[in-house]
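Report on one structure; see the data block that follows.
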Amino acid sequence: MPLAVLHLLVPKKHDRYYRTVMIRTSFDLPPEPNSDSVKWQFARRISDSLEPYWVADMDFAAPEPVVDAVRKRLENRLLGYTFAREELYTSFAEWLETRIGTRPASHWCMLPGVMAGVRAAVSLYTRPGDSVIVQTPVYFPFMDAVEGQGRTLVVNELRHDGNRYRFDFESLETAAAAGARLFLLCSPHNPVGRVWAAEELQQLVDVCRRYGVLLVSDEIHGDLVMSGYRFVPTRGVDCRGLRLLTLSSATKSFNIPGLPSAIASSDDESIIRTIRDRMHRIGADTQNALTLTAVEAAYRSGAEWLDAVLSYIADNERAVRALFDAGRLPVRIEPLEGTYLLWIDCTRLSSDDVTLRAELQKRADAWLVEGSKFGSGGEGHLRMNIAAPKDRIVAATERIVAVLEDIS
Ligand SMILES: Cc1ncc(COP(=O)(O)O)c(C=O)c1O
């Protein structure tokens, strides 16, 4: 065969098609878990065969451009004190503008993680005993950030309309009118998988603005949005007159939570200054040079990897649904609009999600999270992380369905 024809047939390394295929193959064959992996080593403490589908990180290698950038940074061998350059925020701003379609806020600072920002905001903007609103079922450290700091947790439970979860505006308005000082939003929502629509966010913003409630928007899952849905950052709706703090992060999107960090941003300079001062006072204002390099590289060059991982997760979701459907169980899986965490309603099977989780751990070798951990409304549910190689997800789901069938 003439060389020219061969060239046409064999994809070249720089071809987009070649790269996408290579990325997808690597999701099927990830590296062995590290011996310091929280997800895997905690499972190993329980049993040799237990597979972890609990903590929210992916069993996939980080994007190649991110790893390359970190490697290059290390090769330089100078690892002196490092600050977050304006270029880092520019890379985030360009990502927001081109991928999400929203302009970034004017002021920002780096944080050691999203929860550091949540905890700092609660401590700085409320006093002991003040009310803070959360929407359960929700990422459970929110509860500790409020109650663990002596504030009063006010639950604005999400409502299910038979189709999907919705905000309960009546109860929100009551809580805000009663003097709540701060509202913790999870957008997209962990664990129910909703990607809130602009209209829903606007109504929420209007309530917070009306009562002078500070809105803290945790947008850590903002890039993990399935095809057909659009992530709207809270700042993307009309926020004039609202006190808003946004917490964003590259760690979930590009699977680098072992390089912890987050970006706090706001149009209110005093909020960012206050948060930055707090980080300084507790000695959490120093930066990890490798983390900064990774985050900037991710926002500049991670789009292709992210697209590939999202379509891989969508395939996994289809496979899990098909297996549950075939099992004809009285169980409903919420539509996965965002995140890679399936929210499985087992209430018609059992309201005792703790026992369900324990049974699956013991008999299906699958470690999921019991829904009640996420607060009221979570009872009788399970959360399953499906960002793992497909053959493993399929085999684990087969075992899960078999155990649930046995229980039902
Ligand atoms: C909604 C939400 N916020 C925050 C975090 C944790 O963020 P960080 O590790 O940056 O503190 C998670 C992790 O699962 C999460 O799901």
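Just so we're on the same page: first chain in the structure tokens is A, next is B, and so on; residues restart at 1 for each chain, and ligands are numbered from 1 in the order they show up.
All residues of protein, DNA or RNA that reach within 8 Å of segment 274-277 of chain A, judged by only C-alpha atoms and not counting those fewer than 3 positions away in the chain, are Cys109, Gly117, Ala120, Ala121, Leu124, Ser270, Ile271, His280, Arg281 and Asp285 of chain A.
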Mind dumping the selected residues with C-alpha atoms as a short mmCIF file (atom, residue, chain, number, x, y, z; two decimals), in the first residue's frame?
```cif
data_model
loop_
_atom_site.label_atom_id
_atom_site.label_comp_id
_atom_site.auth_asym_id
_atom_site.auth_seq_id
_atom_site.Cartn_x
_atom_site.Cartn_y
_atom_site.Cartn_z
CA CYS A 109 -8.76 34.05 45.88
CA GLY A 117 -14.69 28.24 51.88
CA ALA A 120 -15.11 30.09 56.60
CA ALA A 121 -18.24 31.75 55.20
CA LEU A 124 -17.45 34.79 59.26
CA SER A 270 -15.09 42.82 50.86
CA ILE A 271 -16.29 39.19 50.87
CA HIS A 280 -4.21 34.08 56.43
CA ARG A 281 -5.14 34.02 60.11
CA ASP A 285 -3.09 30.97 52.57
#
```
Counting only C-alpha atoms and all ligand atoms, what are the residues of chain A within 9 Å of ligand 1, and for each of them which pair of atoms is the nearest and at what distance in Å, to one decimal? Sort the table by chain and rising number, as JSON lines.
```
{"residue": "A:Val55", "atom": "CA", "partner": "ligand 1", "partner_atom_place_in_ligand_line": "14 (O)", "distance": 6.9}
{"residue": "A:Ala56", "atom": "CA", "partner": "ligand 1", "partner_atom_place_in_ligand_line": "14 (O)", "distance": 4.9}
{"residue": "A:Asp57", "atom": "CA", "partner": "ligand 1", "partner_atom_place_in_ligand_line": "14 (O)", "distance": 7.5}
{"residue": "A:Leu111", "atom": "CA", "partner": "ligand 1", "partner_atom_place_in_ligand_line": "10 (O)", "distance": 8.4}
{"residue": "A:Pro112", "atom": "CA", "partner": "ligand 1", "partner_atom_place_in_ligand_line": "10 (O)", "distance": 7.0}
{"residue": "A:Gly113", "atom": "CA", "partner": "ligand 1", "partner_atom_place_in_ligand_line": "10 (O)", "distance": 3.4}
{"residue": "A:Val114", "atom": "CA", "partner": "ligand 1", "partner_atom_place_in_ligand_line": "10 (O)", "distance": 3.7}
{"residue": "A:Met115", "atom": "CA", "partner": "ligand 1", "partner_atom_place_in_ligand_line": "11 (O)", "distance": 3.8}
{"residue": "A:Ala116", "atom": "CA", "partner": "ligand 1", "partner_atom_place_in_ligand_line": "11 (O)", "distance": 6.1}
{"residue": "A:Gly117", "atom": "CA", "partner": "ligand 1", "partner_atom_place_in_ligand_line": "11 (O)", "distance": 8.0}
{"residue": "A:Val118", "atom": "CA", "partner": "ligand 1", "partner_atom_place_in_ligand_line": "4 (C)", "distance": 8.3}
{"residue": "A:Val138", "atom": "CA", "partner": "ligand 1", "partner_atom_place_in_ligand_line": "1 (C)", "distance": 7.7}
{"residue": "A:Tyr139", "atom": "CA", "partner": "ligand 1", "partner_atom_place_in_ligand_line": "1 (C)", "distance": 5.4}
{"residue": "A:Phe140", "atom": "CA", "partner": "ligand 1", "partner_atom_place_in_ligand_line": "1 (C)", "distance": 8.7}
{"residue": "A:Pro141", "atom": "CA", "partner": "ligand 1", "partner_atom_place_in_ligand_line": "4 (C)", "distance": 7.9}
{"residue": "A:Phe142", "atom": "CA", "partner": "ligand 1", "partner_atom_place_in_ligand_line": "3 (N)", "distance": 8.0}
{"residue": "A:Leu185", "atom": "CA", "partner": "ligand 1", "partner_atom_place_in_ligand_line": "1 (C)", "distance": 8.8}
{"residue": "A:Cys186", "atom": "CA", "partner": "ligand 1", "partner_atom_place_in_ligand_line": "1 (C)", "distance": 5.6}
{"residue": "A:Ser187", "atom": "CA", "partner": "ligand 1", "partner_atom_place_in_ligand_line": "1 (C)", "distance": 7.5}
{"residue": "A:Pro188", "atom": "CA", "partner": "ligand 1", "partner_atom_place_in_ligand_line": "1 (C)", "distance": 7.9}
{"residue": "A:His189", "atom": "CA", "partner": "ligand 1", "partner_atom_place_in_ligand_line": "1 (C)", "distance": 6.8}
{"residue": "A:Asn190", "atom": "CA", "partner": "ligand 1", "partner_atom_place_in_ligand_line": "1 (C)", "distance": 5.4}
{"residue": "A:Pro191", "atom": "CA", "partner": "ligand 1", "partner_atom_place_in_ligand_line": "16 (O)", "distance": 7.8}
{"residue": "A:Asp218", "atom": "CA", "partner": "ligand 1", "partner_atom_place_in_ligand_line": "3 (N)", "distance": 6.0}
{"residue": "A:Glu219", "atom": "CA", "partner": "ligand 1", "partner_atom_place_in_ligand_line": "1 (C)", "distance": 7.2}
{"residue": "A:Ile220", "atom": "CA", "partner": "ligand 1", "partner_atom_place_in_ligand_line": "3 (N)", "distance": 5.8}
{"residue": "A:His221", "atom": "CA", "partner": "ligand 1", "partner_atom_place_in_ligand_line": "1 (C)", "distance": 6.7}
{"residue": "A:Leu247", "atom": "CA", "partner": "ligand 1", "partner_atom_place_in_ligand_line": "3 (N)", "distance": 8.8}
{"residue": "A:Ser248", "atom": "CA", "partner": "ligand 1", "partner_atom_place_in_ligand_line": "10 (O)", "distance": 8.4}
{"residue": "A:Ser249", "atom": "CA", "partner": "ligand 1", "partner_atom_place_in_ligand_line": "10 (O)", "distance": 6.7}
{"residue": "A:Ala250", "atom": "CA", "partner": "ligand 1", "partner_atom_place_in_ligand_line": "10 (O)", "distance": 8.8}
{"residue": "A:Thr251", "atom": "CA", "partner": "ligand 1", "partner_atom_place_in_ligand_line": "10 (O)", "distance": 6.9}
{"residue": "A:Lys252", "atom": "CA", "partner": "ligand 1", "partner_atom_place_in_ligand_line": "13 (C)", "distance": 7.4}
{"residue": "A:Pro257", "atom": "CA", "partner": "ligand 1", "partner_atom_place_in_ligand_line": "9 (O)", "distance": 6.2}
{"residue": "A:Gly258", "atom": "CA", "partner": "ligand 1", "partner_atom_place_in_ligand_line": "9 (O)", "distance": 8.7}
{"residue": "A:Pro260", "atom": "CA", "partner": "ligand 1", "partner_atom_place_in_ligand_line": "10 (O)", "distance": 6.0}
{"residue": "A:Ser261", "atom": "CA", "partner": "ligand 1", "partner_atom_place_in_ligand_line": "10 (O)", "distance": 5.8}
{"residue": "A:Ala262", "atom": "CA", "partner": "ligand 1", "partner_atom_place_in_ligand_line": "10 (O)", "distance": 5.8}
{"residue": "A:Thr339", "atom": "CA", "partner": "ligand 1", "partner_atom_place_in_ligand_line": "16 (O)", "distance": 8.6}
```
Keeping only N, CA and C atoms, take the residues you just selected and write them out as a short mmCIF file (atom, residue, chain, number, x, y, z; two decimals), in the first residue's frame.
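Writing the result to part.cif gives the following:
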```cif
data_model
loop_
_atom_site.label_atom_id
_atom_site.label_comp_id
_atom_site.auth_asym_id
_atom_site.auth_seq_id
_atom_site.Cartn_x
_atom_site.Cartn_y
_atom_site.Cartn_z
N VAL A 55 -16.99 7.37 47.99
CA VAL A 55 -16.45 8.74 47.95
C VAL A 55 -16.46 9.27 46.51
N ALA A 56 -16.62 10.60 46.38
CA ALA A 56 -16.78 11.19 45.05
C ALA A 56 -15.43 11.55 44.42
N ASP A 57 -14.67 10.51 44.02
CA ASP A 57 -13.62 10.75 43.03
C ASP A 57 -13.73 9.66 41.98
N LEU A 111 -8.35 28.86 47.60
CA LEU A 111 -8.63 28.24 48.90
C LEU A 111 -8.07 26.82 48.91
N PRO A 112 -7.86 26.27 50.10
CA PRO A 112 -7.38 24.88 50.16
C PRO A 112 -8.44 23.87 49.72
N GLY A 113 -9.68 24.31 49.58
CA GLY A 113 -10.74 23.41 49.14
C GLY A 113 -12.07 24.12 49.26
N VAL A 114 -13.11 23.53 48.66
CA VAL A 114 -14.43 24.15 48.71
C VAL A 114 -14.96 24.20 50.14
N MET A 115 -14.75 23.10 50.87
CA MET A 115 -15.29 23.08 52.24
C MET A 115 -14.61 24.11 53.13
N ALA A 116 -13.36 24.42 52.84
CA ALA A 116 -12.69 25.49 53.61
C ALA A 116 -13.46 26.79 53.40
N GLY A 117 -13.92 27.03 52.18
CA GLY A 117 -14.69 28.24 51.88
C GLY A 117 -16.06 28.21 52.55
N VAL A 118 -16.71 27.06 52.52
CA VAL A 118 -18.04 26.94 53.14
C VAL A 118 -17.92 27.20 54.64
N VAL A 138 -28.47 16.50 51.13
CA VAL A 138 -27.36 17.27 50.57
C VAL A 138 -26.02 16.73 51.09
N TYR A 139 -24.96 17.04 50.36
CA TYR A 139 -23.58 16.68 50.74
C TYR A 139 -23.43 16.89 52.24
N PHE A 140 -23.21 15.79 52.99
CA PHE A 140 -23.39 15.86 54.45
C PHE A 140 -22.41 16.77 55.20
N PRO A 141 -21.20 17.05 54.72
CA PRO A 141 -20.36 17.99 55.47
C PRO A 141 -20.96 19.41 55.60
N PHE A 142 -21.97 19.73 54.76
CA PHE A 142 -22.65 21.02 54.93
C PHE A 142 -23.24 21.10 56.34
N LEU A 185 -26.04 26.71 48.91
CA LEU A 185 -26.60 26.07 47.72
C LEU A 185 -25.61 25.05 47.17
N CYS A 186 -26.12 23.90 46.74
CA CYS A 186 -25.28 22.90 46.08
C CYS A 186 -25.75 22.83 44.63
N SER A 187 -24.90 23.29 43.70
CA SER A 187 -25.33 23.45 42.31
C SER A 187 -24.20 23.11 41.34
N PRO A 188 -24.35 22.01 40.56
CA PRO A 188 -25.38 20.99 40.57
C PRO A 188 -25.44 20.27 41.92
N HIS A 189 -26.54 19.54 42.11
CA HIS A 189 -26.81 19.03 43.45
C HIS A 189 -26.29 17.62 43.71
N ASN A 190 -25.47 17.52 44.72
CA ASN A 190 -25.02 16.23 45.25
C ASN A 190 -25.83 15.97 46.51
N PRO A 191 -26.64 14.92 46.63
CA PRO A 191 -26.60 13.71 45.81
C PRO A 191 -27.72 13.54 44.77
N ASP A 218 -22.01 26.55 46.11
CA ASP A 218 -20.98 25.51 45.93
C ASP A 218 -21.17 24.93 44.53
N GLU A 219 -20.27 25.27 43.61
CA GLU A 219 -20.40 24.86 42.22
C GLU A 219 -19.33 23.85 41.83
N ILE A 220 -18.91 23.03 42.78
CA ILE A 220 -17.82 22.09 42.53
C ILE A 220 -18.17 21.08 41.43
N HIS A 221 -19.48 20.78 41.27
CA HIS A 221 -19.87 19.81 40.24
C HIS A 221 -20.29 20.50 38.93
N LEU A 247 -18.11 29.25 45.04
CA LEU A 247 -16.97 28.37 45.28
C LEU A 247 -16.88 27.38 44.14
N SER A 248 -15.79 27.48 43.38
CA SER A 248 -15.60 26.61 42.21
C SER A 248 -14.34 25.79 42.42
N SER A 249 -14.20 24.74 41.64
CA SER A 249 -13.01 23.90 41.81
C SER A 249 -12.77 23.05 40.57
N ALA A 250 -11.48 22.82 40.29
CA ALA A 250 -11.14 21.93 39.17
C ALA A 250 -11.01 20.49 39.66
N THR A 251 -11.10 20.27 40.96
CA THR A 251 -10.73 18.96 41.50
C THR A 251 -11.70 17.85 41.10
N LYS A 252 -13.01 18.15 41.12
CA LYS A 252 -13.99 17.12 40.72
C LYS A 252 -13.97 16.97 39.20
N PRO A 257 -8.66 15.59 43.12
CA PRO A 257 -8.89 16.02 44.50
C PRO A 257 -7.71 15.75 45.43
N GLY A 258 -6.75 14.94 44.95
CA GLY A 258 -5.52 14.76 45.73
C GLY A 258 -4.60 15.97 45.62
N PRO A 260 -5.65 19.29 46.40
CA PRO A 260 -6.82 20.06 46.83
C PRO A 260 -6.71 21.56 46.57
N SER A 261 -7.82 22.13 46.15
CA SER A 261 -7.88 23.59 45.95
C SER A 261 -9.29 23.99 45.55
N ALA A 262 -9.57 25.25 45.64
CA ALA A 262 -10.84 25.79 45.15
C ALA A 262 -10.62 27.27 44.84
N THR A 339 -23.21 15.52 37.89
CA THR A 339 -22.39 14.71 38.80
C THR A 339 -22.24 13.30 38.21
#
```
Excluding segment 293-301 of chain A and any residue of its chain fewer than 2 positions from it, enumerate the residues within 7 Å of it, using only C-alpha atoms, and give them as an MDAnalysis selection string.
-> chainID A and resid 65:66 69:70 88 91:92 95 250 254 289:291 303
Pull C-alpha atoms from the residues just selected and write them as an mmCIF file, in the first residue's frame.
```cif
data_model
loop_
_atom_site.group_PDB
_atom_site.id
_atom_site.type_symbol
_atom_site.label_atom_id
_atom_site.label_comp_id
_atom_site.auth_asym_id
_atom_site.auth_seq_id
_atom_site.Cartn_x
_atom_site.Cartn_y
_atom_site.Cartn_z
ATOM 1 C CA PRO A 65 -2.176 17.701 29.709
ATOM 2 C CA VAL A 66 -2.531 18.133 33.477
ATOM 3 C CA ALA A 69 2.197 20.202 33.079
ATOM 4 C CA VAL A 70 2.915 18.936 36.606
ATOM 5 C CA LEU A 88 -4.706 31.029 36.786
ATOM 6 C CA SER A 91 -7.663 30.389 32.584
ATOM 7 C CA PHE A 92 -10.715 29.839 34.821
ATOM 8 C CA TRP A 95 -13.167 28.381 30.706
ATOM 9 C CA ALA A 250 -11.141 21.929 39.173
ATOM 10 C CA PHE A 254 -10.627 16.759 36.252
ATOM 11 C CA ALA A 289 2.979 24.867 43.311
ATOM 12 C CA LEU A 290 1.926 21.576 41.703
ATOM 13 C CA THR A 291 -1.746 22.209 42.433
ATOM 14 C CA ALA A 303 -11.901 20.077 27.732
#
```
Filtered DSSP result for segment 120-267 of chain A, state strand (DSSP E or B), as a ChimeraX atom specification = /A:131-134,152-155,159-160,165-166,182-186,214-218,225,244-248,262-266
Dump as CSV the rows for residues of segment 306-405 of chain A within 9 Å of segment 20-36 of chain A: closest atom pair and distance in Å with one decimal, only C-alpha atoms counted, ordered by chain and rising residue number.
```
residue,atom,partner,partner_atom,distance
A:Asp307,CA,A:Thr20,CA,9.0
A:Ala308,CA,A:Arg24,CA,6.4
A:Val309,CA,A:Arg24,CA,7.4
A:Tyr312,CA,A:Arg24,CA,7.2
A:Ala388,CA,A:Phe27,CA,7.5
A:Pro389,CA,A:Asp28,CA,4.8
A:Lys390,CA,A:Asp28,CA,6.6
A:Asp391,CA,A:Asp28,CA,7.7
```
Once you have the residues from the selection above, write them out as a PDB file, in the first residue's frame, restricted to C-alpha atoms.
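Final file, selection17.pdb:
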```pdb
ATOM      1  CA  ASP A 307     -16.026  15.561  27.198  1.00  0.00           C
ATOM      2  CA  ALA A 308     -14.735  11.999  26.910  1.00  0.00           C
ATOM      3  CA  VAL A 309     -15.246  11.231  30.597  1.00  0.00           C
ATOM      4  CA  TYR A 312     -18.135   7.418  29.332  1.00  0.00           C
ATOM      5  CA  ALA A 388     -15.270   3.700  37.199  1.00  0.00           C
ATOM      6  CA  PRO A 389     -14.389   1.263  34.403  1.00  0.00           C
ATOM      7  CA  LYS A 390     -17.520   0.001  32.715  1.00  0.00           C
ATOM      8  CA  ASP A 391     -16.871  -3.734  33.142  1.00  0.00           C
TER       9      ASP A 391
END
```
Segment 159-387 of chain A: residues DSSP assigns to alpha helix (DSSP H), reported as a ChimeraX atom specification | /A:169-177,198-210,269-281,289-301,303-327,353-363
Closest of A:Trp196, A:Asn255, A:Met384, A:Arg99 to Asp59 of chain A - atom-to-atom distances counting only C-alpha atoms =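 Among the listed residues, the smallest separation from Asp59 of chain A belongs to A:Asn255.
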Nearest to Leu404 of chain A: which of A:Arg328, A:Arg164, A:Arg392, A:Arg194 is it, counting only C-alpha atoms?
->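 Comparing A:Arg328, A:Arg164, A:Arg392, A:Arg194 against Leu404 of chain A, the winner is A:Arg328.
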Which of these residues is nearest to Arg85 of chain A, using only C-alpha atoms: A:Met279, A:Ile393, A:Leu292, A:Val216?
->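 The closest residue to Arg85 of chain A is A:Leu292.
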Could you jot down the atom CA of Gly283 of chain A to atom CA of Glu269 of chain A separation for me, Å, one decimal place?
-> 21.0 Å
At a cut-off of 8 Å, can you tabulate as a tab-separated table every residue of segment 112-147 of chain A near segment 175-180 of chain A together with its closest atom pair and the distance in Å to one decimal, using only C-alpha atoms and ordering rows by chain then number?
```
residue	atom	partner	partner_atom	distance
A:Asp130	CA	A:Ala180	CA	6.8
A:Ser131	CA	A:Ala180	CA	4.6
A:Val132	CA	A:Ala180	CA	5.6
A:Ile133	CA	A:Ala180	CA	6.8
```
Written selection (N, CA and C atoms) as a PDB file, in the first residue's frame:
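Below is the file that was written, part_27.pdb:
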```
ATOM      1  N   ASP A 130     -27.108  31.613  65.005  1.00  0.00           N
ATOM      2  CA  ASP A 130     -27.794  32.093  63.790  1.00  0.00           C
ATOM      3  C   ASP A 130     -28.235  30.918  62.907  1.00  0.00           C
ATOM      4  N   SER A 131     -29.246  31.171  62.113  1.00  0.00           N
ATOM      5  CA  SER A 131     -29.778  30.125  61.232  1.00  0.00           C
ATOM      6  C   SER A 131     -29.097  30.129  59.869  1.00  0.00           C
ATOM      7  N   VAL A 132     -28.771  28.930  59.416  1.00  0.00           N
ATOM      8  CA  VAL A 132     -28.198  28.731  58.080  1.00  0.00           C
ATOM      9  C   VAL A 132     -29.071  27.705  57.362  1.00  0.00           C
ATOM     10  N   ILE A 133     -29.450  28.030  56.117  1.00  0.00           N
ATOM     11  CA  ILE A 133     -30.372  27.145  55.385  1.00  0.00           C
ATOM     12  C   ILE A 133     -29.586  26.183  54.482  1.00  0.00           C
TER      13      ILE A 133
END
```
Go through A:Ala402, A:Val320, A:Ala93, A:Ile263 and flag the residue nearest Leu341 of chain A, using only C-alpha atoms for the distances.
->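 So, comparing all the options, the nearest one is A:Val320.
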Contacts of Leu172 of chain A within 12 Å, only C-alpha atoms, excl. fewer than 5 positions in-chain, as an NGL selection string | :A and (132-135 or 154-159 or 166-167 or 177-180 or 182-185 or 203-208 or 210-211 or 213)
Write a file of the selected residues as a PDB file, in the first residue's frame, keeping N, CA and C atoms.
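Printed below is selection24.pdb as written:
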```
ATOM      1  N   VAL A 132     -28.771  28.930  59.416  1.00  0.00           N
ATOM      2  CA  VAL A 132     -28.198  28.731  58.080  1.00  0.00           C
ATOM      3  C   VAL A 132     -29.071  27.705  57.362  1.00  0.00           C
ATOM      4  N   ILE A 133     -29.450  28.030  56.117  1.00  0.00           N
ATOM      5  CA  ILE A 133     -30.372  27.145  55.385  1.00  0.00           C
ATOM      6  C   ILE A 133     -29.586  26.183  54.482  1.00  0.00           C
ATOM      7  N   VAL A 134     -29.964  24.898  54.547  1.00  0.00           N
ATOM      8  CA  VAL A 134     -29.424  23.913  53.600  1.00  0.00           C
ATOM      9  C   VAL A 134     -30.597  23.144  53.011  1.00  0.00           C
ATOM     10  N   GLN A 135     -30.356  22.577  51.810  1.00  0.00           N
ATOM     11  CA  GLN A 135     -31.440  21.858  51.132  1.00  0.00           C
ATOM     12  C   GLN A 135     -31.149  20.373  51.123  1.00  0.00           C
ATOM     13  N   VAL A 154     -31.157  25.052  59.415  1.00  0.00           N
ATOM     14  CA  VAL A 154     -32.547  25.149  58.996  1.00  0.00           C
ATOM     15  C   VAL A 154     -32.679  24.372  57.696  1.00  0.00           C
ATOM     16  N   VAL A 155     -33.534  23.366  57.722  1.00  0.00           N
ATOM     17  CA  VAL A 155     -33.642  22.457  56.578  1.00  0.00           C
ATOM     18  C   VAL A 155     -34.758  22.913  55.635  1.00  0.00           C
ATOM     19  N   ASN A 156     -34.353  23.188  54.408  1.00  0.00           N
ATOM     20  CA  ASN A 156     -35.315  23.495  53.346  1.00  0.00           C
ATOM     21  C   ASN A 156     -35.286  22.280  52.409  1.00  0.00           C
ATOM     22  N   GLU A 157     -36.027  21.245  52.833  1.00  0.00           N
ATOM     23  CA  GLU A 157     -35.918  19.958  52.130  1.00  0.00           C
ATOM     24  C   GLU A 157     -36.375  20.060  50.676  1.00  0.00           C
ATOM     25  N   LEU A 158     -35.647  19.398  49.793  1.00  0.00           N
ATOM     26  CA  LEU A 158     -36.051  19.365  48.386  1.00  0.00           C
ATOM     27  C   LEU A 158     -37.335  18.550  48.271  1.00  0.00           C
ATOM     28  N   ARG A 159     -38.176  18.910  47.325  1.00  0.00           N
ATOM     29  CA  ARG A 159     -39.435  18.179  47.124  1.00  0.00           C
ATOM     30  C   ARG A 159     -39.361  17.420  45.814  1.00  0.00           C
ATOM     31  N   ARG A 166     -37.341  19.386  43.234  1.00  0.00           N
ATOM     32  CA  ARG A 166     -37.570  20.834  43.063  1.00  0.00           C
ATOM     33  C   ARG A 166     -37.263  21.559  44.364  1.00  0.00           C
ATOM     34  N   PHE A 167     -37.006  22.861  44.257  1.00  0.00           N
ATOM     35  CA  PHE A 167     -36.888  23.694  45.456  1.00  0.00           C
ATOM     36  C   PHE A 167     -38.277  23.876  46.058  1.00  0.00           C
ATOM     37  N   ALA A 177     -37.534  34.657  55.953  1.00  0.00           N
ATOM     38  CA  ALA A 177     -38.279  35.699  56.674  1.00  0.00           C
ATOM     39  C   ALA A 177     -38.040  35.602  58.179  1.00  0.00           C
ATOM     40  N   ALA A 178     -37.760  34.375  58.649  1.00  0.00           N
ATOM     41  CA  ALA A 178     -37.544  34.177  60.094  1.00  0.00           C
ATOM     42  C   ALA A 178     -36.144  34.604  60.513  1.00  0.00           C
ATOM     43  N   GLY A 179     -35.341  35.073  59.573  1.00  0.00           N
ATOM     44  CA  GLY A 179     -34.057  35.672  59.944  1.00  0.00           C
ATOM     45  C   GLY A 179     -32.812  34.855  59.624  1.00  0.00           C
ATOM     46  N   ALA A 180     -32.940  33.844  58.746  1.00  0.00           N
ATOM     47  CA  ALA A 180     -31.731  33.086  58.368  1.00  0.00           C
ATOM     48  C   ALA A 180     -30.707  34.042  57.758  1.00  0.00           C
ATOM     49  N   LEU A 182     -27.666  32.951  56.165  1.00  0.00           N
ATOM     50  CA  LEU A 182     -26.838  32.416  55.088  1.00  0.00           C
ATOM     51  C   LEU A 182     -27.542  31.208  54.478  1.00  0.00           C
ATOM     52  N   PHE A 183     -27.386  31.073  53.160  1.00  0.00           N
ATOM     53  CA  PHE A 183     -28.002  29.957  52.434  1.00  0.00           C
ATOM     54  C   PHE A 183     -26.900  29.206  51.707  1.00  0.00           C
ATOM     55  N   LEU A 184     -26.844  27.880  51.946  1.00  0.00           N
ATOM     56  CA  LEU A 184     -25.804  27.072  51.296  1.00  0.00           C
ATOM     57  C   LEU A 184     -26.414  26.317  50.123  1.00  0.00           C
ATOM     58  N   LEU A 185     -26.040  26.708  48.914  1.00  0.00           N
ATOM     59  CA  LEU A 185     -26.600  26.067  47.719  1.00  0.00           C
ATOM     60  C   LEU A 185     -25.612  25.048  47.168  1.00  0.00           C
ATOM     61  N   GLN A 203     -35.435  32.450  41.047  1.00  0.00           N
ATOM     62  CA  GLN A 203     -36.410  32.551  42.148  1.00  0.00           C
ATOM     63  C   GLN A 203     -35.704  32.464  43.512  1.00  0.00           C
ATOM     64  N   LEU A 204     -34.694  31.591  43.553  1.00  0.00           N
ATOM     65  CA  LEU A 204     -33.911  31.413  44.782  1.00  0.00           C
ATOM     66  C   LEU A 204     -33.151  32.692  45.138  1.00  0.00           C
ATOM     67  N   VAL A 205     -32.517  33.251  44.117  1.00  0.00           N
ATOM     68  CA  VAL A 205     -31.756  34.493  44.296  1.00  0.00           C
ATOM     69  C   VAL A 205     -32.696  35.603  44.774  1.00  0.00           C
ATOM     70  N   ASP A 206     -33.888  35.652  44.187  1.00  0.00           N
ATOM     71  CA  ASP A 206     -34.837  36.711  44.550  1.00  0.00           C
ATOM     72  C   ASP A 206     -35.202  36.628  46.030  1.00  0.00           C
ATOM     73  N   VAL A 207     -35.396  35.403  46.530  1.00  0.00           N
ATOM     74  CA  VAL A 207     -35.746  35.247  47.956  1.00  0.00           C
ATOM     75  C   VAL A 207     -34.572  35.720  48.816  1.00  0.00           C
ATOM     76  N   CYS A 208     -33.347  35.254  48.490  1.00  0.00           N
ATOM     77  CA  CYS A 208     -32.172  35.630  49.301  1.00  0.00           C
ATOM     78  C   CYS A 208     -31.966  37.145  49.282  1.00  0.00           C
ATOM     79  N   ARG A 210     -34.251  39.454  48.767  1.00  0.00           N
ATOM     80  CA  ARG A 210     -35.345  40.129  49.475  1.00  0.00           C
ATOM     81  C   ARG A 210     -35.086  40.190  50.977  1.00  0.00           C
ATOM     82  N   TYR A 211     -34.470  39.130  51.518  1.00  0.00           N
ATOM     83  CA  TYR A 211     -34.280  39.067  52.971  1.00  0.00           C
ATOM     84  C   TYR A 211     -32.829  39.303  53.387  1.00  0.00           C
ATOM     85  N   VAL A 213     -30.133  37.643  52.685  1.00  0.00           N
ATOM     86  CA  VAL A 213     -29.428  36.408  53.047  1.00  0.00           C
ATOM     87  C   VAL A 213     -28.196  36.254  52.147  1.00  0.00           C
TER      88      VAL A 213
END
```
